[in-house]
>>> print(open('work-v1.txt').read())   # compact mmCIF, C-alpha atoms
# COMPACT_ATOMS: atom_id res chain seq x y z
CA MET A 25 -15.10 66.76 -153.66
CA ASN A 26 -13.03 64.77 -156.15
CA ASN A 27 -15.17 64.85 -159.27
CA ASN A 28 -13.18 61.91 -160.71
CA PHE A 29 -15.09 59.62 -158.32
CA ILE A 30 -16.12 56.43 -160.15
CA LEU A 31 -19.30 54.86 -158.79
CA PRO A 32 -18.59 51.20 -157.92
CA LYS A 33 -21.05 48.45 -158.78
CA LEU A 34 -23.00 46.56 -156.11
CA PRO A 35 -22.71 44.89 -153.68
CA PRO A 36 -20.64 47.46 -151.74
CA LYS A 37 -17.27 46.49 -150.33
CA ALA A 38 -18.18 47.33 -146.74
CA ASN A 39 -19.32 45.63 -143.56
CA LEU A 40 -23.08 46.25 -143.50
CA GLU A 41 -23.69 44.06 -140.45
CA THR A 42 -21.84 45.87 -137.70
CA VAL A 43 -23.04 45.57 -134.10
CA LYS A 44 -24.65 49.03 -134.30
CA ILE A 45 -26.45 48.24 -137.56
CA LEU A 46 -27.76 44.86 -136.33
CA LYS A 47 -28.99 46.41 -133.08
CA GLN A 48 -30.92 49.13 -134.97
CA LEU A 49 -32.09 46.60 -137.57
CA SER A 50 -33.90 44.62 -134.88
CA LYS A 51 -35.84 47.72 -133.78
CA SER A 52 -36.64 48.70 -137.36
CA ASN A 53 -37.92 45.25 -138.33
CA ARG A 54 -40.03 45.06 -135.17
CA ALA A 55 -41.67 48.44 -135.88
CA LEU A 56 -42.25 47.53 -139.53
CA ALA A 57 -43.85 44.18 -138.59
CA GLU A 58 -46.17 46.04 -136.19
CA LEU A 59 -47.09 48.48 -138.97
CA LYS A 60 -47.93 45.56 -141.27
CA GLY A 61 -50.24 44.12 -138.61
CA VAL A 62 -51.93 47.44 -137.78
CA SER A 63 -52.57 48.17 -141.45
CA LYS A 64 -54.91 45.15 -141.52
CA THR A 65 -57.21 46.70 -138.90
CA ILE A 66 -58.78 48.81 -141.67
CA PRO A 67 -60.50 46.24 -143.93
CA ASN A 68 -60.58 48.43 -147.04
CA SER A 69 -56.88 48.89 -147.84
CA ASP A 70 -57.73 51.55 -150.46
CA ILE A 71 -58.53 53.93 -147.59
CA LEU A 72 -54.94 53.79 -146.34
CA ILE A 73 -53.42 53.72 -149.81
CA ASN A 74 -55.39 56.81 -150.92
CA THR A 75 -54.99 58.93 -147.80
CA LEU A 76 -51.37 58.06 -146.99
CA VAL A 77 -50.18 58.23 -150.60
CA LEU A 78 -51.42 61.82 -150.74
CA GLN A 79 -49.37 62.67 -147.65
CA GLU A 80 -46.27 61.05 -149.12
CA ALA A 81 -46.75 62.69 -152.52
CA LYS A 82 -46.95 66.08 -150.83
CA ASP A 83 -43.88 65.50 -148.62
CA SER A 84 -41.72 63.90 -151.33
CA SER A 85 -42.48 66.77 -153.71
CA GLU A 86 -41.70 69.29 -150.97
CA ILE A 87 -38.12 67.94 -150.79
CA GLU A 88 -37.79 69.10 -154.41
CA ASN A 89 -39.31 72.50 -153.52
CA ILE A 90 -42.68 71.66 -155.10
CA ILE A 91 -44.94 73.11 -152.43
CA THR A 92 -48.69 72.67 -152.28
CA THR A 93 -51.28 73.08 -149.53
CA HIS A 94 -53.40 70.22 -148.17
CA ASP A 95 -56.45 72.07 -149.46
CA ASP A 96 -55.19 72.28 -153.06
CA LEU A 97 -53.93 68.72 -152.87
CA TYR A 98 -57.25 67.22 -151.76
CA LYS A 99 -59.23 69.23 -154.30
CA SER A 100 -56.96 68.06 -157.11
CA ASP A 101 -57.28 64.49 -155.85
CA ILE A 102 -60.95 64.45 -156.79
CA ASP A 103 -60.87 66.94 -159.67
CA ILE A 104 -57.67 67.51 -161.65
CA ASP A 105 -59.28 70.47 -163.46
CA VAL A 106 -59.06 72.59 -160.30
CA ALA A 107 -55.40 71.75 -159.62
CA ASN A 108 -52.66 74.38 -159.72
CA ALA A 109 -49.23 73.51 -161.15
CA ALA A 110 -47.76 72.25 -157.85
CA ALA A 111 -50.85 70.16 -157.05
CA LYS A 112 -50.65 68.58 -160.52
CA GLU A 113 -47.00 67.62 -159.90
CA VAL A 114 -48.05 65.98 -156.63
CA LYS A 115 -50.90 64.24 -158.45
CA PHE A 116 -48.43 62.78 -160.96
CA TYR A 117 -46.31 61.48 -158.06
CA THR A 118 -49.38 59.69 -156.67
CA ALA A 119 -50.10 58.16 -160.09
CA ALA A 120 -46.46 57.05 -160.49
CA LEU A 121 -46.41 55.43 -157.06
CA LYS A 122 -49.68 53.58 -157.64
CA ARG A 123 -48.41 52.33 -161.01
CA GLY A 124 -45.22 51.08 -159.37
CA PHE A 125 -47.28 49.23 -156.76
CA GLU A 126 -49.37 47.65 -159.51
CA LEU A 127 -46.25 46.54 -161.42
CA ILE A 128 -44.55 44.80 -158.49
CA LYS A 129 -47.81 43.20 -157.35
CA ASN A 130 -48.39 41.70 -160.79
CA GLN A 131 -44.79 40.79 -161.65
CA ASN A 132 -43.09 40.35 -158.25
CA ILE A 133 -39.95 42.04 -159.57
CA LEU A 134 -38.69 45.61 -159.98
CA THR A 135 -36.83 46.18 -163.25
CA THR A 136 -35.06 49.08 -164.94
CA ASN A 137 -37.99 49.34 -167.36
CA HIS A 138 -40.40 49.61 -164.42
CA ILE A 139 -38.31 52.42 -162.95
CA ILE A 140 -38.29 54.21 -166.32
CA GLU A 141 -42.08 53.88 -166.52
CA ILE A 142 -42.50 55.27 -163.00
CA GLN A 143 -40.29 58.28 -163.83
CA LYS A 144 -42.17 58.86 -167.10
CA ILE A 145 -45.50 59.13 -165.24
CA LEU A 146 -43.88 61.34 -162.63
CA GLU A 147 -42.36 63.78 -165.13
CA GLN A 148 -45.02 63.44 -167.85
CA ASN A 149 -42.43 63.17 -170.62
CA ASP A 150 -40.45 60.59 -172.61
CA ALA A 151 -36.96 61.95 -171.92
CA GLY A 152 -35.93 58.67 -170.26
CA ILE A 153 -32.35 57.87 -169.24
CA ARG A 154 -29.77 60.64 -169.68
CA THR A 155 -27.95 60.51 -173.02
CA GLN A 156 -26.16 63.86 -172.79
CA SER A 157 -23.32 64.73 -170.42
CA GLY A 158 -23.27 67.80 -168.20
CA THR A 159 -25.44 66.72 -165.25
CA VAL A 160 -23.93 67.71 -161.89
CA LEU A 161 -25.30 68.00 -158.36
CA LYS A 162 -24.71 71.38 -156.75
CA ASN A 163 -25.00 72.90 -153.32
CA ASP A 164 -28.21 74.97 -153.45
CA SER A 165 -26.70 77.77 -151.35
CA THR A 166 -23.20 78.12 -152.81
CA GLY A 167 -23.59 76.69 -156.32
CA GLU A 168 -20.51 74.49 -155.66
CA ILE A 169 -20.46 71.16 -157.51
CA ILE A 170 -20.61 68.46 -154.86
CA TYR A 171 -20.99 65.38 -157.03
CA THR A 172 -20.75 64.47 -160.71
CA PRO A 173 -22.79 61.36 -161.47
CA PRO A 174 -21.87 58.96 -164.32
CA GLN A 175 -22.02 60.85 -167.62
CA ASN A 176 -21.74 58.11 -170.24
CA TYR A 177 -25.05 56.60 -171.40
CA ASN A 178 -23.67 53.05 -171.62
CA GLU A 179 -22.14 53.32 -168.16
CA ILE A 180 -25.49 54.48 -166.76
CA LEU A 181 -27.20 51.48 -168.41
CA GLN A 182 -24.62 49.05 -166.98
CA LEU A 183 -25.00 50.52 -163.49
CA LEU A 184 -28.80 50.31 -163.73
CA LYS A 185 -28.57 46.66 -164.84
CA ASN A 186 -26.29 45.96 -161.88
CA LEU A 187 -28.77 47.75 -159.58
CA GLU A 188 -31.67 45.75 -161.02
CA ASN A 189 -29.79 42.50 -160.34
CA TYR A 190 -29.03 43.60 -156.78
CA ILE A 191 -32.67 44.57 -156.14
CA ASN A 192 -34.03 41.23 -157.29
CA ALA A 193 -31.24 38.79 -156.35
CA ASN A 194 -31.41 36.87 -153.10
CA TYR A 195 -28.36 38.19 -151.23
CA ASP A 196 -27.75 36.91 -147.72
CA ILE A 197 -28.50 40.27 -146.14
CA ASP A 198 -31.58 41.80 -144.53
CA PRO A 199 -33.88 43.61 -147.02
CA LEU A 200 -33.88 46.82 -144.96
CA ILE A 201 -30.09 47.02 -145.17
CA LYS A 202 -30.38 46.37 -148.92
CA MET A 203 -32.95 49.17 -149.16
CA ALA A 204 -30.39 51.64 -147.77
CA VAL A 205 -27.81 50.44 -150.33
CA ILE A 206 -30.33 50.60 -153.20
CA HIS A 207 -31.36 54.14 -152.32
CA TYR A 208 -27.77 55.38 -152.22
CA GLN A 209 -26.89 53.65 -155.49
CA PHE A 210 -29.92 54.92 -157.40
CA GLU A 211 -29.40 58.50 -156.22
CA SER A 212 -25.71 58.24 -157.17
CA ILE A 213 -26.42 56.85 -160.65
CA HIS A 214 -28.88 59.75 -161.05
CA PRO A 215 -30.10 58.22 -164.33
CA PHE A 216 -32.69 60.81 -165.36
CA TYR A 217 -32.57 64.51 -166.21
CA ASP A 218 -35.35 65.18 -163.65
CA GLY A 219 -37.31 63.32 -160.99
CA ASN A 220 -34.44 61.22 -159.58
CA GLY A 221 -35.14 62.07 -155.95
CA ARG A 222 -38.85 61.32 -156.15
CA THR A 223 -38.30 58.15 -158.20
CA GLY A 224 -35.75 56.98 -155.63
CA ARG A 225 -38.22 57.54 -152.81
CA ILE A 226 -40.88 55.56 -154.69
CA ILE A 227 -38.39 52.67 -154.93
CA ASN A 228 -38.00 52.92 -151.12
CA ILE A 229 -41.77 52.46 -150.78
CA LEU A 230 -42.00 49.53 -153.19
CA TYR A 231 -39.00 47.56 -151.94
CA PRO A 232 -40.46 46.42 -148.55
CA ILE A 233 -43.59 45.23 -150.42
CA LEU A 234 -41.42 43.32 -152.90
CA ASN A 235 -39.88 41.55 -149.90
CA LYS A 236 -43.23 40.80 -148.19
CA LEU A 237 -42.43 43.12 -145.27
CA LEU A 238 -45.60 45.09 -146.07
CA ASP A 239 -48.70 44.32 -148.12
CA ILE A 240 -49.51 47.84 -149.29
CA PRO A 241 -47.52 51.07 -149.87
CA ILE A 242 -47.61 52.76 -146.46
CA LEU A 243 -43.94 53.21 -145.45
CA TYR A 244 -43.18 56.80 -146.43
CA LEU A 245 -39.77 58.18 -145.46
CA SER A 246 -40.16 61.64 -147.03
CA LYS A 247 -41.31 63.36 -143.83
CA TYR A 248 -38.28 61.89 -142.01
CA ILE A 249 -35.99 63.09 -144.82
CA ILE A 250 -37.49 66.61 -144.69
CA ARG A 251 -36.89 66.72 -140.95
CA THR A 252 -33.28 65.50 -141.34
CA LYS A 253 -32.50 66.93 -144.77
CA THR A 254 -28.99 68.16 -143.88
CA ASP A 255 -27.99 64.73 -142.54
CA TYR A 256 -29.57 63.00 -145.55
CA TYR A 257 -27.45 64.85 -148.12
CA ARG A 258 -24.32 64.84 -145.92
CA LEU A 259 -24.47 61.07 -145.38
CA LEU A 260 -25.07 60.32 -149.06
CA GLN A 261 -21.97 62.35 -149.86
CA GLU A 262 -19.85 60.78 -147.12
CA ILE A 263 -20.25 57.33 -148.67
CA ARG A 264 -18.55 58.77 -151.76
CA THR A 265 -15.84 60.63 -149.85
CA LYS A 266 -15.28 58.41 -146.78
CA ASN A 267 -17.01 55.09 -147.59
CA SER A 268 -19.18 55.76 -144.49
CA TRP A 269 -21.70 52.98 -145.03
CA GLU A 270 -22.41 52.35 -141.36
CA GLU A 271 -23.67 55.85 -140.59
CA TRP A 272 -25.80 55.97 -143.76
CA THR A 273 -27.33 52.54 -143.10
CA LEU A 274 -28.11 53.51 -139.49
CA TYR A 275 -29.75 56.72 -140.74
CA MET A 276 -32.04 54.80 -143.11
CA LEU A 277 -32.88 52.11 -140.54
CA LYS A 278 -33.78 54.75 -137.96
CA GLY A 279 -35.99 56.35 -140.60
CA VAL A 280 -37.83 53.04 -141.07
CA GLU A 281 -38.36 52.67 -137.32
CA GLN A 282 -39.50 56.25 -136.67
CA THR A 283 -41.72 56.36 -139.77
CA SER A 284 -43.32 53.00 -138.93
CA LEU A 285 -44.15 54.12 -135.39
CA HIS A 286 -45.57 57.43 -136.62
CA THR A 287 -47.68 55.68 -139.27
CA ILE A 288 -48.99 53.14 -136.72
CA GLU A 289 -50.21 56.08 -134.63
CA LEU A 290 -51.87 57.69 -137.65
CA ILE A 291 -53.59 54.46 -138.74
CA ASN A 292 -54.92 53.94 -135.22
CA GLU A 293 -56.30 57.49 -135.24
CA ILE A 294 -57.97 56.93 -138.64
CA SER A 295 -59.41 53.64 -137.36
CA ASN A 296 -60.77 55.33 -134.22
CA LEU A 297 -62.29 58.13 -136.32
CA MET A 298 -63.96 55.57 -138.59
CA THR A 299 -65.47 53.82 -135.56
CA GLU A 300 -66.69 57.15 -134.16
CA THR A 301 -68.19 58.11 -137.55
CA LYS A 302 -69.85 54.70 -137.93
CA THR A 303 -71.51 55.05 -134.51
CA LYS A 304 -72.70 58.57 -135.36
CA LEU A 305 -74.15 57.35 -138.67
CA GLN A 306 -75.90 54.34 -137.15
CA THR A 307 -77.35 56.48 -134.36
CA ASN A 308 -78.46 59.51 -136.39
CA LEU A 309 -78.93 58.20 -139.92
CA PRO A 310 -79.58 54.44 -139.61
CA LYS A 311 -81.59 54.31 -142.86
CA ILE A 312 -78.71 55.49 -145.02
CA TYR A 313 -75.84 53.84 -143.14
CA SER A 314 -73.83 51.24 -145.02
CA ARG A 315 -70.23 50.05 -144.93
CA ASP A 316 -69.81 51.34 -148.48
CA LEU A 317 -70.95 54.83 -147.46
CA LEU A 318 -68.52 54.85 -144.54
CA ASP A 319 -65.69 53.84 -146.88
CA ILE A 320 -66.53 56.65 -149.33
CA LEU A 321 -66.19 59.20 -146.52
CA PHE A 322 -62.64 57.99 -145.77
CA LEU A 323 -61.32 57.23 -149.25
CA HIS A 324 -60.77 60.98 -149.82
CA PRO A 325 -60.82 63.92 -147.38
CA TYR A 326 -62.99 65.65 -150.02
CA THR A 327 -65.97 63.95 -151.62
CA LYS A 328 -68.68 64.85 -154.11
CA ILE A 329 -72.06 63.65 -155.36
CA GLU A 330 -70.55 61.56 -158.18
CA PHE A 331 -68.70 59.32 -155.71
CA LEU A 332 -71.96 58.27 -154.06
CA VAL A 333 -73.76 57.87 -157.40
CA ARG A 334 -71.01 55.56 -158.68
CA SER A 335 -70.23 53.57 -155.54
CA LEU A 336 -73.71 53.23 -154.04
CA ASN A 337 -75.57 53.02 -157.36
CA ILE A 338 -78.07 55.72 -156.37
CA HIS A 339 -79.49 58.78 -158.17
CA ARG A 340 -77.86 62.22 -157.96
CA GLU A 341 -80.85 63.59 -156.05
CA THR A 342 -80.54 60.82 -153.45
CA SER A 343 -76.78 61.36 -153.23
CA SER A 344 -77.35 65.06 -152.64
CA ILE A 345 -79.80 64.31 -149.82
CA TYR A 346 -77.32 61.88 -148.23
CA LEU A 347 -74.55 64.47 -148.28
CA LYS A 348 -76.79 67.20 -146.84
CA ASN A 349 -77.85 64.86 -144.04
CA LEU A 350 -74.20 64.03 -143.31
CA GLU A 351 -73.48 67.75 -143.15
CA ASN A 352 -76.41 68.31 -140.79
CA ILE A 353 -75.02 65.86 -138.23
CA GLY A 354 -71.52 67.37 -138.45
CA ILE A 355 -69.64 64.64 -140.33
CA LEU A 356 -69.15 66.68 -143.51
CA LYS A 357 -68.85 70.37 -144.32
CA SER A 358 -69.78 71.69 -147.76
CA THR A 359 -67.68 74.11 -149.79
CA LYS A 360 -68.11 75.53 -153.27
CA LEU A 361 -65.46 75.94 -155.91
CA GLY A 362 -66.76 77.47 -159.12
CA ARG A 363 -69.88 75.56 -160.00
CA GLN A 364 -68.81 72.42 -158.14
CA LYS A 365 -69.85 71.59 -154.60
CA TYR A 366 -67.52 69.50 -152.45
CA TYR A 367 -67.95 67.99 -149.02
CA ILE A 368 -65.05 67.82 -146.58
CA ASN A 369 -64.65 65.13 -143.93
CA THR A 370 -63.39 67.79 -141.53
CA LYS A 371 -62.02 65.49 -138.83
CA LEU A 372 -60.14 63.36 -141.34
CA TYR A 373 -58.84 66.51 -143.05
CA GLU A 374 -57.49 67.91 -139.76
CA LEU A 375 -56.01 64.55 -138.78
CA LEU A 376 -54.04 64.27 -142.03
CA LYS A 377 -53.08 67.94 -142.07
CA ASN A 378 -51.59 67.71 -138.58
CA SER A 379 -49.96 64.31 -138.95
>>> encode(input="work-v1.txt", output="structure tokens")
Amino acid sequence: MNNNFILPKLPPKANLETVKILKQLSKSNRALAELKGVSKTIPNSDILINTLVLQEAKDSSEIENIITTHDDLYKSDIDIDVANAAAKEVKFYTAALKRGFELIKNQNILTTNHIIEIQKILEQNDAGIRTQSGTVLKNDSTGEIIYTPPQNYNEILQLLKNLENYINANYDIDPLIKMAVIHYQFESIHPFYDGNGRTGRIINILYPILNKLLDIPILYLSKYIIRTKTDYYRLLQEIRTKNSWEEWTLYMLKGVEQTSLHTIELINEISNLMTETKTKLQTNLPKIYSRDLLDILFLHPYTKIEFLVRSLNIHRETSSIYLKNLENIGILKSTKLGRQKYYINTKLYELLKNS
């Protein structure tokens, strides 16, 4: 690799609307539109945001070799005190993503300052944009330097400003094609000391919402990237060495299509499980059934007495009785960790674990 490569500003000087790209774009947009529609079949959007964000946080962190189990992840989701180091990292990713969603919902724009705030939550420090030179990207196996990102602080700032303008300007190009360009450019600027990959993947999630293609953050490409990791890094690099924009754009568009179809399947399974659970509750425990109770059982794979106390406005003793009754009819399974007792929605847990 020629380490004298100078990262050009956007828009790229390339044909991003080739016949192959436009053909794939049609499939990707169709799948994404279907995902947007299916997401509305679950009235409480927090259920999808909570459960799917956890999956994405786990997968995105795994790309950076931060590995946690579903069990540790779900425990830390309801009680940070029981989280191990990896689960805490994943928890911070979830918090960063939710903050990004809040920012674009309220301001309808994604700025450099927003991106810095997202990375700060993710990394839990104030290091901010790189001010010192020396950052290089290496091959994990050989240690060979494969890419040297911009080193000068002012150049990084200028490139980020250019990226911000590109993100928010109304170019005459489909947003999904722009998303592929934005992801490449952000990863190539590599503006932070740490957390660039995860921050870039959060931008991927927020961008379709910014463009009204989705209402909530449910398009998560990390699982696709894990499955195709070699291609992902190869194609990023080949834009720098061969200007291979077509293959990279096709890769990202295929990721949108495949991920949308997979997520549609998962949402339908969650919806079916909610219907099954509702019927079981109404049949076996009609006196305690409520829509709010059903929602609590699906907001987190793990639940605890405090959730019922807070959401249903009932006493701890009553909450405890509710949870024991739910365990008796096979909806929940109790487990103890230290002095705390948790209740697992076993079918939801297995569904998410195997998705």
>>> residues_around(input="work-v1.txt", residues="A:Lys360", least_positions_apart="3", cutoff="12 Å", atoms="only C-alpha atoms", output="MDAnalysis selection string")
chainID A and resid 99 106 326:328 357 363:368
>>> closest_atom_pairs(input="work-v1.txt", of="stretch 352-371 of chain A", to="stretch 294-303 of chain A", cutoff="12 Å", atoms="all atoms listed in the file", output="Markdown table")
| residue | atom | partner | partner_atom | distance |
| --- | --- | --- | --- | --- |
| A:Ile353 | CA | A:Thr301 | CA | 10.4 |
| A:Gly354 | CA | A:Thr301 | CA | 9.9 |
| A:Ile355 | CA | A:Thr301 | CA | 7.2 |
| A:Leu356 | CA | A:Thr301 | CA | 10.5 |
| A:Asn369 | CA | A:Thr301 | CA | 10.1 |
| A:Thr370 | CA | A:Leu297 | CA | 11.0 |
| A:Lys371 | CA | A:Leu297 | CA | 7.8 |
>>> residues_near_point(input="work-v1.txt", point="(-54.4, 46.4, -140.2)", cutoff="12 Å", atoms="only C-alpha atoms", output="PDB file with C-alpha atoms, in the frame of the given file")
ATOM      1  CA  ALA A  57     -43.850  44.180-138.590  1.00  0.00           C
ATOM      2  CA  GLU A  58     -46.170  46.040-136.190  1.00  0.00           C
ATOM      3  CA  LEU A  59     -47.090  48.480-138.970  1.00  0.00           C
ATOM      4  CA  LYS A  60     -47.930  45.560-141.270  1.00  0.00           C
ATOM      5  CA  GLY A  61     -50.240  44.120-138.610  1.00  0.00           C
ATOM      6  CA  VAL A  62     -51.930  47.440-137.780  1.00  0.00           C
ATOM      7  CA  SER A  63     -52.570  48.170-141.450  1.00  0.00           C
ATOM      8  CA  LYS A  64     -54.910  45.150-141.520  1.00  0.00           C
ATOM      9  CA  THR A  65     -57.210  46.700-138.900  1.00  0.00           C
ATOM     10  CA  ILE A  66     -58.780  48.810-141.670  1.00  0.00           C
ATOM     11  CA  PRO A  67     -60.500  46.240-143.930  1.00  0.00           C
ATOM     12  CA  ASN A  68     -60.580  48.430-147.040  1.00  0.00           C
ATOM     13  CA  SER A  69     -56.880  48.890-147.840  1.00  0.00           C
ATOM     14  CA  ASP A  70     -57.730  51.550-150.460  1.00  0.00           C
ATOM     15  CA  ILE A  71     -58.530  53.930-147.590  1.00  0.00           C
ATOM     16  CA  LEU A  72     -54.940  53.790-146.340  1.00  0.00           C
ATOM     17  CA  LEU A 238     -45.600  45.090-146.070  1.00  0.00           C
ATOM     18  CA  ASP A 239     -48.700  44.320-148.120  1.00  0.00           C
ATOM     19  CA  ILE A 240     -49.510  47.840-149.290  1.00  0.00           C
ATOM     20  CA  ILE A 242     -47.610  52.760-146.460  1.00  0.00           C
ATOM     21  CA  THR A 287     -47.680  55.680-139.270  1.00  0.00           C
ATOM     22  CA  ILE A 288     -48.990  53.140-136.720  1.00  0.00           C
ATOM     23  CA  GLU A 289     -50.210  56.080-134.630  1.00  0.00           C
ATOM     24  CA  LEU A 290     -51.870  57.690-137.650  1.00  0.00           C
ATOM     25  CA  ILE A 291     -53.590  54.460-138.740  1.00  0.00           C
ATOM     26  CA  ASN A 292     -54.920  53.940-135.220  1.00  0.00           C
ATOM     27  CA  ILE A 294     -57.970  56.930-138.640  1.00  0.00           C
ATOM     28  CA  SER A 295     -59.410  53.640-137.360  1.00  0.00           C
TER      29      SER A 295
END
>>> closest_residue(input="work-v1.txt", among="A:Ser84, A:Gln131, A:Gln48, A:Asn194", to="A:Tyr248", atoms="all atoms listed in the file")
A:Ser84
>>> atom_distance(input="work-v1.txt", atom1="atom CA of A:Arg225", atom2="atom CA of A:Leu245")
7.5 Å
>>> residues_around(input="work-v1.txt", residues="A:Ile169", least_positions_apart="3", cutoff="12 Å", atoms="only C-alpha atoms", output="ChimeraX atom specification")
/A:25-27,158-166,172-173,261
>>> write_last_selection(input="work-v1.txt", atoms="C-alpha atoms", output="CSV table (one decimal), in the coordinates of the input")
chain,number,residue,atom,x,y,z
A,25,MET,CA,-15.1,66.8,-153.7
A,26,ASN,CA,-13.0,64.8,-156.2
A,27,ASN,CA,-15.2,64.8,-159.3
A,158,GLY,CA,-23.3,67.8,-168.2
A,159,THR,CA,-25.4,66.7,-165.2
A,160,VAL,CA,-23.9,67.7,-161.9
A,161,LEU,CA,-25.3,68.0,-158.4
A,162,LYS,CA,-24.7,71.4,-156.8
A,163,ASN,CA,-25.0,72.9,-153.3
A,164,ASP,CA,-28.2,75.0,-153.4
A,165,SER,CA,-26.7,77.8,-151.4
A,166,THR,CA,-23.2,78.1,-152.8
A,172,THR,CA,-20.8,64.5,-160.7
A,173,PRO,CA,-22.8,61.4,-161.5
A,261,GLN,CA,-22.0,62.4,-149.9
>>> closest_atom_pairs(input="work-v1.txt", of="stretch 27-143 of chain A", to="stretch 276-285 of chain A", cutoff="7 Å", atoms="only C-alpha atoms", output="tab-separated table")
residue	atom	partner	partner_atom	distance
A:Gln48	CA	A:Leu277	CA	6.6
A:Leu49	CA	A:Leu277	CA	6.3
A:Lys51	CA	A:Glu281	CA	6.6
A:Ser52	CA	A:Glu281	CA	4.3
A:Ala55	CA	A:Glu281	CA	5.6
A:Leu56	CA	A:Ser284	CA	5.6
A:Leu59	CA	A:Ser284	CA	5.9
>>> closest_residue(input="work-v1.txt", among="A:Glu113, A:Asp95, A:Asp218, A:Glu330", to="A:Arg154", atoms="all atoms listed in the file")
A:Asp218
>>> build_atoms(input="work-v1.txt", residues="stretch 137-150 of chain A", atoms="N, CA, C and O atoms", output="PDB file, in the frame of the given file")
ATOM      1  N   ASN A 137     -36.858  48.848-166.555  1.00  0.00           N
ATOM      2  CA  ASN A 137     -37.990  49.340-167.360  1.00  0.00           C
ATOM      3  C   ASN A 137     -39.139  49.821-166.490  1.00  0.00           C
ATOM      4  O   ASN A 137     -39.816  50.799-166.823  1.00  0.00           O
ATOM      5  N   HIS A 138     -39.380  49.149-165.365  1.00  0.00           N
ATOM      6  CA  HIS A 138     -40.400  49.610-164.420  1.00  0.00           C
ATOM      7  C   HIS A 138     -40.039  50.996-163.883  1.00  0.00           C
ATOM      8  O   HIS A 138     -40.892  51.878-163.779  1.00  0.00           O
ATOM      9  N   ILE A 139     -38.777  51.148-163.515  1.00  0.00           N
ATOM     10  CA  ILE A 139     -38.310  52.420-162.950  1.00  0.00           C
ATOM     11  C   ILE A 139     -38.447  53.534-163.985  1.00  0.00           C
ATOM     12  O   ILE A 139     -38.873  54.654-163.662  1.00  0.00           O
ATOM     13  N   ILE A 140     -38.135  53.224-165.239  1.00  0.00           N
ATOM     14  CA  ILE A 140     -38.290  54.210-166.320  1.00  0.00           C
ATOM     15  C   ILE A 140     -39.761  54.589-166.483  1.00  0.00           C
ATOM     16  O   ILE A 140     -40.094  55.770-166.665  1.00  0.00           O
ATOM     17  N   GLU A 141     -40.641  53.603-166.395  1.00  0.00           N
ATOM     18  CA  GLU A 141     -42.080  53.880-166.520  1.00  0.00           C
ATOM     19  C   GLU A 141     -42.579  54.757-165.376  1.00  0.00           C
ATOM     20  O   GLU A 141     -43.369  55.684-165.574  1.00  0.00           O
ATOM     21  N   ILE A 142     -42.107  54.473-164.173  1.00  0.00           N
ATOM     22  CA  ILE A 142     -42.500  55.270-163.000  1.00  0.00           C
ATOM     23  C   ILE A 142     -42.061  56.726-163.195  1.00  0.00           C
ATOM     24  O   ILE A 142     -42.830  57.663-162.966  1.00  0.00           O
ATOM     25  N   GLN A 143     -40.809  56.919-163.633  1.00  0.00           N
ATOM     26  CA  GLN A 143     -40.290  58.280-163.830  1.00  0.00           C
ATOM     27  C   GLN A 143     -41.036  59.004-164.950  1.00  0.00           C
ATOM     28  O   GLN A 143     -41.271  60.216-164.876  1.00  0.00           O
ATOM     29  N   LYS A 144     -41.424  58.268-165.978  1.00  0.00           N
ATOM     30  CA  LYS A 144     -42.170  58.860-167.100  1.00  0.00           C
ATOM     31  C   LYS A 144     -43.508  59.413-166.624  1.00  0.00           C
ATOM     32  O   LYS A 144     -43.900  60.524-166.992  1.00  0.00           O
ATOM     33  N   ILE A 145     -44.212  58.663-165.781  1.00  0.00           N
ATOM     34  CA  ILE A 145     -45.500  59.130-165.240  1.00  0.00           C
ATOM     35  C   ILE A 145     -45.273  60.338-164.344  1.00  0.00           C
ATOM     36  O   ILE A 145     -46.008  61.326-164.380  1.00  0.00           O
ATOM     37  N   LEU A 146     -44.217  60.262-163.565  1.00  0.00           N
ATOM     38  CA  LEU A 146     -43.880  61.340-162.630  1.00  0.00           C
ATOM     39  C   LEU A 146     -43.594  62.652-163.367  1.00  0.00           C
ATOM     40  O   LEU A 146     -44.097  63.718-163.003  1.00  0.00           O
ATOM     41  N   GLU A 147     -42.802  62.575-164.415  1.00  0.00           N
ATOM     42  CA  GLU A 147     -42.360  63.780-165.130  1.00  0.00           C
ATOM     43  C   GLU A 147     -43.231  64.128-166.335  1.00  0.00           C
ATOM     44  O   GLU A 147     -43.083  65.197-166.914  1.00  0.00           O
ATOM     45  N   GLN A 148     -44.122  63.192-166.720  1.00  0.00           N
ATOM     46  CA  GLN A 148     -45.020  63.440-167.850  1.00  0.00           C
ATOM     47  C   GLN A 148     -44.253  63.766-169.136  1.00  0.00           C
ATOM     48  O   GLN A 148     -44.624  64.664-169.893  1.00  0.00           O
ATOM     49  N   ASN A 149     -43.149  63.027-169.343  1.00  0.00           N
ATOM     50  CA  ASN A 149     -42.430  63.170-170.620  1.00  0.00           C
ATOM     51  C   ASN A 149     -41.691  61.867-170.940  1.00  0.00           C
ATOM     52  O   ASN A 149     -41.640  60.947-170.114  1.00  0.00           O
ATOM     53  N   ASP A 150     -41.132  61.801-172.143  1.00  0.00           N
ATOM     54  CA  ASP A 150     -40.450  60.590-172.610  1.00  0.00           C
ATOM     55  C   ASP A 150     -38.936  60.752-172.644  1.00  0.00           C
ATOM     56  O   ASP A 150     -38.253  60.039-173.382  1.00  0.00           O
TER      57      ASP A 150
END
